[in-house]
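The next block is upload27.cif, given as mmCIF, C-alpha atoms and all ligand atoms.
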```
data_structure
loop_
_atom_site.label_atom_id
_atom_site.label_comp_id
_atom_site.auth_asym_id
_atom_site.auth_seq_id
_atom_site.Cartn_x
_atom_site.Cartn_y
_atom_site.Cartn_z
CA MET A 1 -1.23 -6.76 -39.69
CA LYS A 2 -0.45 -4.03 -37.21
CA GLU A 3 -1.31 -0.66 -38.68
CA ARG A 4 -1.64 2.97 -37.80
CA ALA A 5 1.55 3.49 -35.86
CA PHE A 6 3.31 6.81 -35.44
CA ARG A 7 5.88 8.38 -33.21
CA ASP A 8 5.65 11.68 -31.31
CA GLU A 9 9.12 13.02 -32.11
CA ARG A 10 8.97 15.50 -29.22
CA ASP A 11 9.47 12.82 -26.59
CA GLY A 12 9.81 9.60 -28.58
CA THR A 13 6.44 8.13 -27.56
CA ASP A 14 5.28 5.43 -29.97
CA PHE A 15 1.55 5.24 -30.68
CA ARG A 16 0.20 2.08 -32.18
CA LEU A 17 -3.34 0.91 -32.78
CA VAL A 18 -3.00 -2.87 -32.67
CA GLY A 19 -5.33 -5.32 -34.34
CA LYS A 20 -6.40 -6.67 -37.66
CA ARG A 21 -6.69 -4.09 -40.38
CA SER A 22 -10.45 -4.69 -40.71
CA ASN A 23 -11.02 -4.17 -36.97
CA ILE A 24 -9.13 -0.95 -37.03
CA GLN A 25 -10.98 0.28 -40.09
CA SER A 26 -14.41 -0.53 -38.68
CA ARG A 27 -13.52 1.21 -35.43
CA LEU A 28 -12.27 4.27 -37.25
CA ASP A 29 -15.41 4.26 -39.42
CA ALA A 30 -17.58 4.06 -36.31
CA MET A 31 -15.68 6.90 -34.70
CA ALA A 32 -16.17 8.99 -37.82
CA THR A 33 -19.93 8.49 -37.99
CA THR A 34 -21.00 8.52 -34.33
CA PRO A 35 -20.03 10.92 -31.55
CA PHE A 36 -19.24 8.12 -29.11
CA VAL A 37 -18.12 4.51 -29.28
CA LYS A 38 -17.94 2.46 -26.10
CA SER A 39 -14.44 1.17 -25.42
CA GLN A 40 -13.60 -2.40 -26.28
CA ARG A 41 -13.04 -3.09 -22.59
CA LEU A 42 -16.67 -2.21 -21.85
CA GLN A 43 -17.92 -4.06 -24.89
CA LYS A 44 -16.21 -7.20 -23.65
CA LEU A 45 -18.00 -7.26 -20.28
CA PRO A 46 -20.56 -10.04 -19.84
CA PRO A 47 -24.22 -9.00 -20.26
CA TYR A 48 -26.11 -7.78 -17.20
CA LEU A 49 -28.23 -10.83 -16.41
CA PHE A 50 -30.30 -9.25 -13.67
CA ALA A 51 -31.96 -6.84 -16.13
CA GLU A 52 -34.94 -9.11 -16.87
CA ILE A 53 -35.71 -9.84 -13.20
CA ASP A 54 -35.23 -6.14 -12.36
CA LYS A 55 -37.82 -5.22 -14.97
CA LYS A 56 -40.33 -7.76 -13.66
CA LYS A 57 -39.72 -6.62 -10.07
CA LYS A 58 -40.34 -2.97 -10.91
CA ALA A 59 -43.50 -3.85 -12.82
CA ALA A 60 -44.79 -5.90 -9.89
CA ILE A 61 -44.12 -3.10 -7.41
CA ALA A 62 -45.70 -0.54 -9.74
CA ALA A 63 -48.79 -2.78 -9.95
CA GLY A 64 -49.09 -2.51 -6.16
CA ARG A 65 -48.34 -6.19 -5.43
CA ASP A 66 -47.03 -7.10 -1.95
CA ILE A 67 -43.47 -7.99 -2.91
CA ILE A 68 -41.06 -9.69 -0.49
CA ASN A 69 -37.61 -8.66 -1.69
CA LEU A 70 -34.88 -11.23 -0.96
CA GLY A 71 -32.91 -9.99 -3.93
CA VAL A 72 -30.47 -7.45 -2.56
CA GLY A 73 -27.47 -8.04 -0.30
CA ASP A 74 -28.03 -4.88 1.70
CA PRO A 75 -28.75 -4.93 5.46
CA ASP A 76 -32.29 -3.72 6.27
CA ARG A 77 -31.48 -2.44 9.78
CA PRO A 78 -30.01 1.04 10.38
CA THR A 79 -26.41 1.75 11.36
CA PRO A 80 -25.94 1.49 15.18
CA ARG A 81 -26.42 4.78 17.10
CA PRO A 82 -22.83 5.24 18.40
CA ILE A 83 -21.52 5.27 14.81
CA ILE A 84 -24.12 7.81 13.65
CA GLU A 85 -23.39 10.03 16.66
CA SER A 86 -19.67 9.79 15.98
CA LEU A 87 -20.21 11.06 12.44
CA GLN A 88 -22.48 13.87 13.70
CA HIS A 89 -19.73 14.97 16.05
CA HIS A 90 -16.84 14.76 13.58
CA VAL A 91 -18.66 16.40 10.68
CA GLU A 92 -18.47 19.66 12.69
CA ASN A 93 -14.67 19.72 12.51
CA PRO A 94 -13.64 22.18 9.76
CA ALA A 95 -10.26 20.45 9.35
CA PHE A 96 -12.20 17.43 8.06
CA HIS A 97 -13.88 19.50 5.35
CA GLN A 98 -10.63 19.59 3.40
CA TYR A 99 -9.05 16.85 1.32
CA ALA A 100 -8.40 13.71 3.32
CA LEU A 101 -4.99 12.02 3.40
CA ASP A 102 -4.55 9.49 0.57
CA GLN A 103 -3.28 6.84 2.95
CA GLY A 104 -6.16 7.39 5.42
CA ALA A 105 -6.29 9.03 8.85
CA PRO A 106 -3.55 7.66 11.15
CA GLU A 107 -6.15 7.34 13.95
CA LEU A 108 -8.26 4.99 11.82
CA ARG A 109 -5.23 2.96 10.70
CA LYS A 110 -4.21 2.46 14.33
CA SER A 111 -7.74 1.31 15.21
CA ILE A 112 -7.72 -1.14 12.29
CA ALA A 113 -4.38 -2.52 13.53
CA ALA A 114 -5.78 -2.93 17.06
CA PHE A 115 -8.91 -4.62 15.70
CA CYS A 116 -6.87 -7.04 13.55
CA LYS A 117 -4.66 -7.85 16.54
CA LYS A 118 -7.60 -8.53 18.84
CA ARG A 119 -9.77 -10.40 16.34
CA TYR A 120 -7.11 -12.31 14.35
CA GLY A 121 -3.88 -12.02 16.35
CA LEU A 122 -2.24 -10.14 13.44
CA ASP A 123 0.69 -7.77 13.88
CA LEU A 124 0.23 -5.11 11.20
CA ASN A 125 2.18 -1.91 10.73
CA PRO A 126 -0.49 0.83 10.52
CA ASP A 127 1.72 2.94 8.25
CA THR A 128 2.61 0.36 5.62
CA GLU A 129 0.34 -2.69 5.88
CA ILE A 130 -3.11 -1.07 6.20
CA LEU A 131 -4.98 1.03 3.64
CA PRO A 132 -8.48 2.46 4.23
CA LEU A 133 -10.77 2.20 1.19
CA ILE A 134 -13.91 3.90 -0.13
CA GLY A 135 -15.71 0.62 0.52
CA SER A 136 -13.98 -2.68 -0.17
CA LYS A 137 -15.46 -2.76 -3.69
CA GLU A 138 -13.33 0.24 -4.56
CA GLY A 139 -10.14 -1.53 -3.46
CA ILE A 140 -11.11 -4.78 -5.15
CA ALA A 141 -11.83 -2.94 -8.40
CA HIS A 142 -8.48 -1.14 -8.35
CA PHE A 143 -6.23 -3.95 -7.13
CA PRO A 144 -5.88 -5.74 -10.51
CA LEU A 145 -4.47 -2.52 -11.99
CA ALA A 146 -1.73 -2.72 -9.37
CA VAL A 147 -0.67 -6.32 -10.00
CA LEU A 148 -1.84 -7.60 -13.40
CA ASN A 149 -0.39 -7.11 -16.87
CA PRO A 150 -2.22 -7.70 -20.15
CA SER A 151 -2.48 -11.41 -21.08
CA GLU A 152 -1.62 -12.64 -17.61
CA ILE A 153 -4.23 -14.84 -16.00
CA SER A 154 -6.58 -13.84 -13.21
CA LEU A 155 -8.11 -16.81 -11.40
CA VAL A 156 -11.71 -16.04 -10.49
CA PRO A 157 -14.27 -18.19 -8.64
CA ASP A 158 -17.51 -19.04 -10.47
CA PRO A 159 -20.05 -18.01 -9.17
CA CYS A 160 -18.66 -14.76 -7.79
CA TYR A 161 -19.15 -11.12 -6.97
CA PRO A 162 -19.01 -9.71 -10.53
CA VAL A 163 -16.30 -7.13 -9.77
CA TYR A 164 -13.48 -9.73 -9.70
CA ARG A 165 -14.09 -10.55 -13.33
CA SER A 166 -14.69 -7.04 -14.63
CA SER A 167 -11.72 -5.50 -12.81
CA SER A 168 -9.44 -8.26 -14.11
CA MET A 169 -10.68 -7.60 -17.63
CA PHE A 170 -10.17 -3.85 -17.22
CA ALA A 171 -6.54 -4.62 -16.40
CA GLY A 172 -6.26 -6.51 -19.68
CA ALA A 173 -5.92 -9.92 -18.06
CA ASP A 174 -7.50 -13.18 -19.18
CA VAL A 175 -9.97 -14.69 -16.72
CA TYR A 176 -9.77 -18.38 -15.81
CA THR A 177 -12.81 -19.52 -13.84
CA MET A 178 -12.63 -21.80 -10.81
CA PRO A 179 -16.00 -23.55 -10.33
CA LEU A 180 -17.46 -23.67 -6.81
CA GLU A 181 -19.16 -27.02 -6.29
CA ARG A 182 -21.28 -28.02 -3.33
CA SER A 183 -19.46 -31.38 -3.05
CA LEU A 184 -16.25 -29.43 -2.34
CA GLY A 185 -17.80 -27.03 0.16
CA PHE A 186 -18.01 -24.31 -2.50
CA ARG A 187 -14.22 -23.92 -2.43
CA PRO A 188 -12.19 -23.86 -5.68
CA ASP A 189 -10.56 -27.23 -6.43
CA LEU A 190 -6.94 -26.08 -6.36
CA ASP A 191 -5.68 -29.39 -7.75
CA ALA A 192 -7.92 -29.13 -10.80
CA ILE A 193 -6.21 -26.00 -12.13
CA PRO A 194 -3.83 -26.99 -14.96
CA ALA A 195 -0.08 -26.33 -14.57
CA ASP A 196 -0.15 -24.16 -17.72
CA VAL A 197 -2.74 -21.93 -16.10
CA TYR A 198 -0.77 -21.62 -12.87
CA ALA A 199 2.28 -20.71 -14.95
CA LEU A 200 0.49 -17.66 -16.41
CA ALA A 201 -1.52 -16.80 -13.29
CA ARG A 202 -0.62 -13.52 -11.61
CA LEU A 203 -3.67 -13.07 -9.38
CA MET A 204 -6.20 -15.31 -7.62
CA PHE A 205 -9.43 -13.91 -6.22
CA LEU A 206 -10.96 -15.68 -3.24
CA ASN A 207 -14.05 -14.75 -1.27
CA PHE A 208 -14.63 -16.45 2.06
CA PRO A 209 -17.17 -16.46 3.62
CA ASN A 210 -18.62 -16.58 0.14
CA ASN A 211 -21.22 -14.54 -1.64
CA PRO A 212 -23.40 -16.08 -3.11
CA THR A 213 -22.86 -19.69 -1.93
CA GLY A 214 -22.31 -19.12 1.81
CA GLY A 215 -19.23 -21.38 1.61
CA THR A 216 -16.40 -20.90 4.12
CA ALA A 217 -12.69 -21.75 4.25
CA ASP A 218 -10.52 -22.84 7.17
CA LEU A 219 -6.88 -22.01 7.78
CA ALA A 220 -5.72 -25.29 6.25
CA TYR A 221 -7.27 -24.27 2.94
CA PHE A 222 -5.70 -20.81 3.12
CA GLU A 223 -2.32 -22.46 3.89
CA LYS A 224 -2.58 -24.47 0.71
CA VAL A 225 -3.40 -21.39 -1.38
CA VAL A 226 -0.52 -19.39 0.10
CA ASP A 227 1.82 -22.28 -0.63
CA LEU A 228 0.64 -22.41 -4.26
CA ALA A 229 0.97 -18.64 -4.61
CA LYS A 230 4.61 -18.83 -3.53
CA THR A 231 5.33 -21.80 -5.79
CA HIS A 232 3.69 -20.28 -8.88
CA ASP A 233 4.37 -16.63 -8.14
CA PHE A 234 0.88 -15.20 -8.02
CA VAL A 235 -0.87 -12.78 -5.68
CA ILE A 236 -4.02 -13.59 -3.67
CA ALA A 237 -6.86 -11.12 -3.22
CA GLN A 238 -9.11 -12.50 -0.47
CA ASP A 239 -12.43 -10.68 -0.14
CA ALA A 240 -13.38 -10.85 3.54
CA ALA A 241 -16.53 -8.69 3.32
CA TYR A 242 -18.44 -11.30 5.36
CA ASN A 243 -15.74 -12.29 7.85
CA GLU A 244 -17.64 -10.77 10.77
CA MET A 245 -21.00 -12.19 9.70
CA TYR A 246 -20.39 -15.73 10.95
CA PHE A 247 -22.70 -17.77 13.16
CA ASP A 248 -20.81 -20.33 15.23
CA LYS A 249 -17.14 -20.41 14.30
CA PRO A 250 -15.34 -17.06 13.71
CA ALA A 251 -14.04 -16.88 10.14
CA PRO A 252 -10.21 -16.79 9.86
CA SER A 253 -8.05 -14.20 8.07
CA ILE A 254 -5.76 -15.49 5.33
CA LEU A 255 -3.02 -13.36 6.93
CA GLN A 256 -3.03 -15.74 9.91
CA VAL A 257 -1.09 -18.14 7.67
CA PRO A 258 2.63 -17.62 8.41
CA GLY A 259 4.28 -15.78 5.50
CA ALA A 260 0.94 -14.92 3.84
CA LYS A 261 1.76 -11.19 3.83
CA ASP A 262 4.30 -11.79 1.05
CA VAL A 263 1.60 -12.86 -1.38
CA ALA A 264 -1.84 -11.90 -0.06
CA VAL A 265 -3.99 -8.85 0.40
CA GLU A 266 -7.26 -9.15 2.30
CA PHE A 267 -10.18 -6.79 1.73
CA HIS A 268 -12.39 -5.97 4.72
CA SER A 269 -15.61 -4.00 4.77
CA LEU A 270 -17.63 -2.21 7.40
CA SER A 271 -20.70 -2.40 5.15
CA LYS A 272 -22.27 -5.67 6.20
CA THR A 273 -20.55 -5.91 9.61
CA PHE A 274 -22.07 -2.67 10.95
CA ASN A 275 -25.03 -2.05 8.57
CA MET A 276 -23.03 0.67 6.80
CA THR A 277 -23.34 -0.10 3.07
CA GLY A 278 -24.15 3.51 2.18
CA TRP A 279 -21.23 5.02 4.11
CA ARG A 280 -18.53 3.65 1.79
CA VAL A 281 -15.69 2.55 4.03
CA GLY A 282 -13.52 -0.55 4.17
CA PHE A 283 -9.83 -1.40 4.30
CA ALA A 284 -7.11 -3.55 2.79
CA ILE A 285 -4.44 -5.36 4.82
CA GLY A 286 -1.34 -7.15 3.55
CA GLY A 287 2.37 -6.93 2.92
CA ALA A 288 3.84 -3.44 2.47
CA PRO A 289 4.78 -3.73 -1.26
CA LEU A 290 1.29 -4.93 -2.21
CA ILE A 291 -0.44 -2.28 -0.10
CA ALA A 292 1.87 0.39 -1.57
CA ALA A 293 1.03 -0.73 -5.11
CA LEU A 294 -2.69 -0.45 -4.42
CA GLY A 295 -2.09 2.92 -2.78
CA GLN A 296 -0.32 4.12 -5.90
CA VAL A 297 -3.33 3.29 -8.09
CA LYS A 298 -5.61 5.04 -5.62
CA ALA A 299 -3.41 8.12 -5.38
CA ASN A 300 -3.90 8.48 -9.12
CA THR A 301 -7.64 7.87 -8.92
CA ASP A 302 -9.34 9.24 -5.81
CA SER A 303 -8.60 11.72 -3.05
CA GLY A 304 -9.29 9.75 0.09
CA ILE A 305 -12.33 9.07 2.28
CA PHE A 306 -14.23 11.93 3.97
CA THR A 307 -12.32 12.17 7.26
CA ALA A 308 -15.46 12.40 9.40
CA ILE A 309 -16.51 9.01 8.00
CA GLN A 310 -13.08 7.62 8.84
CA PHE A 311 -13.54 8.70 12.46
CA ALA A 312 -17.01 7.13 12.53
CA ALA A 313 -15.43 3.94 11.14
CA LYS A 314 -12.89 4.12 13.96
CA THR A 315 -15.78 4.30 16.47
CA ALA A 316 -17.36 1.23 14.84
CA LEU A 317 -14.17 -0.86 15.03
CA ASP A 318 -13.37 0.32 18.56
CA GLN A 319 -16.84 -0.87 19.66
CA TYR A 320 -16.81 -4.09 17.60
CA ASP A 321 -17.28 -6.26 20.70
CA GLU A 322 -20.50 -4.49 21.70
CA LEU A 323 -21.99 -3.67 18.30
CA THR A 324 -21.63 -6.86 16.27
CA PRO A 325 -23.06 -9.70 18.47
CA PRO A 326 -26.69 -8.48 18.10
CA ILE A 327 -26.25 -8.24 14.31
CA ARG A 328 -24.89 -11.78 14.11
CA ALA A 329 -27.68 -13.06 16.39
CA LEU A 330 -30.31 -11.45 14.17
CA TYR A 331 -29.07 -13.14 10.99
CA LYS A 332 -28.63 -16.46 12.74
CA GLU A 333 -32.25 -16.37 13.86
CA ARG A 334 -33.39 -15.49 10.33
CA ARG A 335 -31.18 -18.19 8.79
CA ASP A 336 -32.53 -20.89 11.10
CA ALA A 337 -36.12 -19.85 10.49
CA PHE A 338 -35.77 -19.60 6.70
CA VAL A 339 -33.65 -22.72 6.12
CA GLY A 340 -35.77 -24.69 8.60
CA ALA A 341 -39.00 -23.74 6.80
CA LEU A 342 -37.58 -24.56 3.37
CA ARG A 343 -36.34 -27.93 4.60
CA LYS A 344 -39.79 -28.69 6.01
CA LEU A 345 -41.06 -28.26 2.47
CA GLY A 346 -38.52 -30.86 1.37
CA TRP A 347 -35.94 -28.50 -0.18
CA ASP A 348 -32.37 -29.73 0.21
CA VAL A 349 -30.86 -26.40 1.22
CA PRO A 350 -27.38 -26.01 2.74
CA SER A 351 -27.44 -23.95 5.94
CA PRO A 352 -24.75 -21.25 5.57
CA GLU A 353 -22.14 -21.00 8.36
CA ALA A 354 -21.69 -17.32 7.54
CA THR A 355 -23.05 -14.49 5.30
CA PHE A 356 -26.70 -13.50 5.04
CA TYR A 357 -27.34 -15.53 1.89
CA VAL A 358 -29.10 -18.84 1.42
CA TRP A 359 -28.03 -20.66 -1.74
CA ILE A 360 -31.01 -22.69 -2.86
CA PRO A 361 -30.69 -25.56 -5.37
CA CYS A 362 -33.34 -25.37 -8.09
CA PRO A 363 -35.84 -28.24 -8.31
CA LYS A 364 -35.25 -30.57 -11.25
CA GLY A 365 -36.01 -29.14 -14.63
CA TYR A 366 -35.63 -25.49 -13.61
CA SER A 367 -32.89 -23.11 -14.67
CA SER A 368 -32.15 -20.35 -12.18
CA THR A 369 -33.71 -17.67 -14.35
CA ASP A 370 -36.90 -19.71 -14.91
CA LEU A 371 -37.25 -20.44 -11.20
CA CYS A 372 -36.72 -16.79 -10.18
CA ALA A 373 -39.25 -15.63 -12.75
CA ARG A 374 -41.85 -18.15 -11.56
CA ILE A 375 -41.34 -17.32 -7.87
CA LEU A 376 -41.65 -13.62 -8.63
CA GLU A 377 -44.68 -13.91 -10.87
CA GLU A 378 -46.66 -16.40 -8.79
CA ALA A 379 -45.42 -15.85 -5.20
CA ASP A 380 -44.40 -12.16 -5.35
CA VAL A 381 -40.98 -13.05 -3.90
CA VAL A 382 -37.79 -11.59 -5.40
CA THR A 383 -34.69 -13.81 -5.46
CA THR A 384 -31.53 -13.67 -7.57
CA PRO A 385 -30.75 -16.21 -10.32
CA GLY A 386 -27.42 -17.98 -9.85
CA LEU A 387 -26.59 -17.51 -13.52
CA GLY A 388 -26.02 -13.81 -12.82
CA PHE A 389 -22.99 -14.80 -10.70
CA GLY A 390 -21.47 -17.23 -13.20
CA ARG A 391 -22.28 -20.12 -15.45
CA THR A 392 -21.53 -22.79 -12.82
CA ALA A 393 -24.43 -21.45 -10.77
CA ASP A 394 -27.42 -21.87 -13.08
CA GLY A 395 -28.76 -24.62 -10.80
CA TYR A 396 -29.17 -22.26 -7.82
CA ILE A 397 -30.98 -19.13 -6.73
CA ARG A 398 -29.86 -16.78 -3.97
CA ALA A 399 -32.08 -15.46 -1.19
CA ALA A 400 -30.79 -12.63 1.02
CA LEU A 401 -31.96 -12.66 4.65
CA THR A 402 -32.58 -8.92 4.61
CA VAL A 403 -36.23 -8.85 5.72
CA GLU A 404 -37.72 -9.65 9.15
CA THR A 405 -38.32 -13.28 10.15
CA PRO A 406 -42.14 -13.25 9.76
CA ARG A 407 -41.72 -12.01 6.17
CA LEU A 408 -39.10 -14.70 5.49
CA LEU A 409 -41.55 -17.33 6.72
CA GLU A 410 -44.31 -15.84 4.60
CA ALA A 411 -42.03 -16.01 1.57
CA VAL A 412 -41.45 -19.72 2.17
CA GLU A 413 -45.16 -20.30 2.68
CA ARG A 414 -45.94 -18.60 -0.64
CA ILE A 415 -43.24 -20.58 -2.44
CA GLY A 416 -44.60 -23.76 -0.84
CA LYS A 417 -47.95 -23.19 -2.53
CA LEU A 418 -46.41 -23.37 -6.01
CA SER A 419 -46.12 -26.83 -7.45
CA LEU A 420 -42.48 -26.84 -8.50
C1 LIG B 1 -21.13 -6.38 -0.37
C2 LIG B 1 -19.89 -6.99 -0.91
C3 LIG B 1 -18.72 -6.23 -1.05
C4 LIG B 1 -18.75 -4.72 -1.04
O1 LIG B 1 -18.51 -4.15 0.12
P1 LIG B 1 -18.31 -2.58 0.20
O2 LIG B 1 -17.33 -2.48 1.31
O3 LIG B 1 -19.66 -2.03 0.52
O4 LIG B 1 -17.78 -2.05 -1.07
C5 LIG B 1 -17.55 -6.85 -1.41
N1 LIG B 1 -17.52 -8.16 -1.68
C6 LIG B 1 -18.63 -8.91 -1.60
C7 LIG B 1 -18.54 -10.34 -1.93
C8 LIG B 1 -19.84 -8.35 -1.23
O5 LIG B 1 -20.94 -9.09 -1.20
#
```
Show how you would write the structure in this file as structure tokens.
Ligand SMILES: *Cc1c(COP(=O)(O)O)cnc(C)c1O
Amino acid sequence: MKERAFRDERDGTDFRLVGKRSNIQSRLDAMATTPFVKSQRLQKLPPYLFAEIDKKKKAAIAAGRDIINLGVGDPDRPTPRPIIESLQHHVENPAFHQYALDQGAPELRKSIAAFCKKRYGLDLNPDTEILPLIGSKEGIAHFPLAVLNPSEISLVPDPCYPVYRSSSMFAGADVYTMPLERSLGFRPDLDAIPADVYALARLMFLNFPNNPTGGTADLAYFEKVVDLAKTHDFVIAQDAAYNEMYFDKPAPSILQVPGAKDVAVEFHSLSKTFNMTGWRVGFAIGGAPLIAALGQVKANTDSGIFTAIQFAAKTALDQYDELTPPIRALYKERRDAFVGALRKLGWDVPSPEATFYVWIPCPKGYSSTDLCARILEEADVVTTPGLGFGRTADGYIRAALTVETPRLLEAVERIGKLSL
């Protein structure tokens, strides 16, 4: 069965192309007749389901229609002034024009530690338990390479931010999906995961507050996950990109659970918290061995974050108490207006406790892609079909609260005129 093996006698490396003979032959044939063949790992990725809606959106905009875009999870307001001015100042420093330190500027790591202490009561060692990232997506995408081996299982929520699945697949792991159901508060049902799956699981992705469902977790839930991780010997990657975008109750950190550092890494982002999606800065926190493993992947991949941006990120975190309340207040006002208006129309919409997403159940008889297409074509409103986030989510569409309140209300009014 296994063919095409040879040994490099110079250093004893064994090369082996594994697979059925026919697979190998067809791959070799393809390589012989075309200049480029996409790797199997790319070929295995799920299809890009937003392509159809993207095409329709572009056509509508090109036709000059007045589109209200609730499709993208990207803050519409600019980055606060003090952060911009901090970058302007630090960009002048010639020392920052050279390669940044792999492990991040010590000044930023100290600020992250102070922020985590003040906000979550965490005691983190800035040298070993904190790692700045080129946006949290970068860290999330690299983390599976640090912890997963081929054929181990990665537990991934469904629906989810697509990177959890693709990065797990890139690491050669098998993905086991954990459905997020409204009846369970959009939290994975930890008791429903079979013992055989736990036995092979090496990583569990969590994302609270959750994109796209808006679901949240409390410390009791995190305690249960940490307990399971220790029992079954897996690592937790908790994506906390929306932790600071809460409305009434501050979202907890999984590291507040005693002993969580042994098994969990939490990914934080400045993107949504401070309207900084384009700046590319976030950070990971967790136990030293896990942070070191992620750092090792990164040291072999990138060369750090532009130091001037790290100092601007430090300014943002240092001024968290002043800068974030207006941002939270803005999204709360938009949420209340949008959810209130939809409910007046009779839609049974959960009001998210955090995030800037509203997760809207489709009326009977509609799939998420059909509903999005109809709302775009007849109401000129862009939303995102749940199916793009996972197969559990075909009964929902996602609206991002990233336009001003009057436009949100206009979107609801237009949708209300359709007979759905
Ligand atoms: C936006 C988003 C991120 C990415 O954040 P960056 O720090 O900008 O990379 C990560 N996770 C989720 C769930 C997001 O929605």
Discussion item. Give me, as a ChimeraX atom specification, the set of residues whose atoms come within 9 Å of any atom of ligand LIG 1 (chain B), counting only C-alpha atoms and all ligand atoms.
Written reply: /A:73-74,133-140,160-163,207-212,239-242,267-272,276-283,355
Worksheet item: Can you list, as a list in words, every protein, DNA or RNA residue that comes within 7 Å of stretch 174-187 of chain A when you count only C-alpha atoms, leaving out same-chain residues fewer than 4 positions away?
Response: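 Neighbouring residues, sequence-local ones excluded: Ser151, Glu152, Ile153, Ser154, Leu155, Val156, Pro157, Asp158, Pro159, Arg165, Ser168, Met169, Thr213, Gly215 and Thr392 of chain A.
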Fill in: All residues 9 Å or closer to A:Ile68, only C-alpha atoms, same chain fewer than 6 positions away omitted, as a PyMOL selection string
chain A and resi 379-382+403+407-408+410-411
Worksheet item: Can you tell me, as a list in words, what residues are no more than 7 Å from A:Arg398 when counting only C-alpha atoms, ignoring any on the same chain fewer than 3 positions away?
Response: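 So the residues in contact are Pro212, Tyr357, Val358, Trp359, Ile360, Thr383, Thr384, Pro385 and Gly386 of chain A.
Counting all atoms listed in the file and comparing A:Pro35, A:Gly71, A:Gly286, A:Pro82, the residue that lies closest to A:Thr128 is A:Gly286.
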Discussion item. Using all atoms listed in the file, which protein or nucleic acid residues come within 7 Å of stretch 334-338 of chain A? Drop anything in the same chain fewer than 2 positions from it, and give the result as an MDAnalysis selection string.
Written reply: chainID A and resid 330:332 340:342 401 405 408:409
Discussion item. Please list as a VMD selection string every residue within 12 Å of stretch 98-110 of chain A, counting all atoms listed in the file and excluding residues in the same chain fewer than 5 positions away.
Written reply: chain A and resid 91 93 115 to 117 123 to 134 281 to 285 291 to 318
Worksheet, complete the sentence: Judged by all atoms listed in the file, the minimum distance to A:Pro352 among A:Glu322, A:Glu378, A:Asp248, A:Asp394 is found for A:Asp248
Item to complete: In Å, rounded to a single decimal, give me how far atom CA of A:Leu323 is from atom CA of A:Thr79.
Response: 9.9 Å
Worksheet item: At what distance in Å, to one decimal, does atom CA of A:Ala400 lie from atom CA of A:Pro78?
Response: 16.6 Å
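In this comparison, which uses all atoms listed in the file, the residue of A:Gln238, A:Thr231, A:Thr402, A:Ser26 approaching A:Ala199 most closely is A:Thr231.
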Worksheet entry | Given all atoms listed in the file as the counted atoms, nearest of A:Glu9, A:Asp370, A:Glu377, A:Asp29 to A:Ile67 |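 Of A:Glu9, A:Asp370, A:Glu377, A:Asp29, the one nearest A:Ile67 is A:Glu377, counting all atoms listed in the file.
Taking atom CA of A:Thr13 and atom CA of A:Met31 as the two end points, the separation is 23.3 Å.
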Worksheet item: Given the choices A:Lys44, A:Arg374, A:Arg202, A:Lys118, which gets closest to A:Val147 if the distance is worked out from all atoms listed in the file?
Response: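 For A:Val147, the nearest of the given residues is A:Arg202.
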Worksheet item: Which of these residues is nearest to A:Val225, using only C-alpha atoms: A:Gly365, A:Gly390, A:Pro252, A:Pro188?
Response: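 Closest to A:Val225, using only C-alpha atoms: A:Pro188.
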Worksheet item: Within 12 Å of (0.8, -15.5, -6.7), all atoms listed in the file: residues as number ranges by chain?
Response: A: 147-148, 152-155, 197-205, 225-237, 260-265, 290
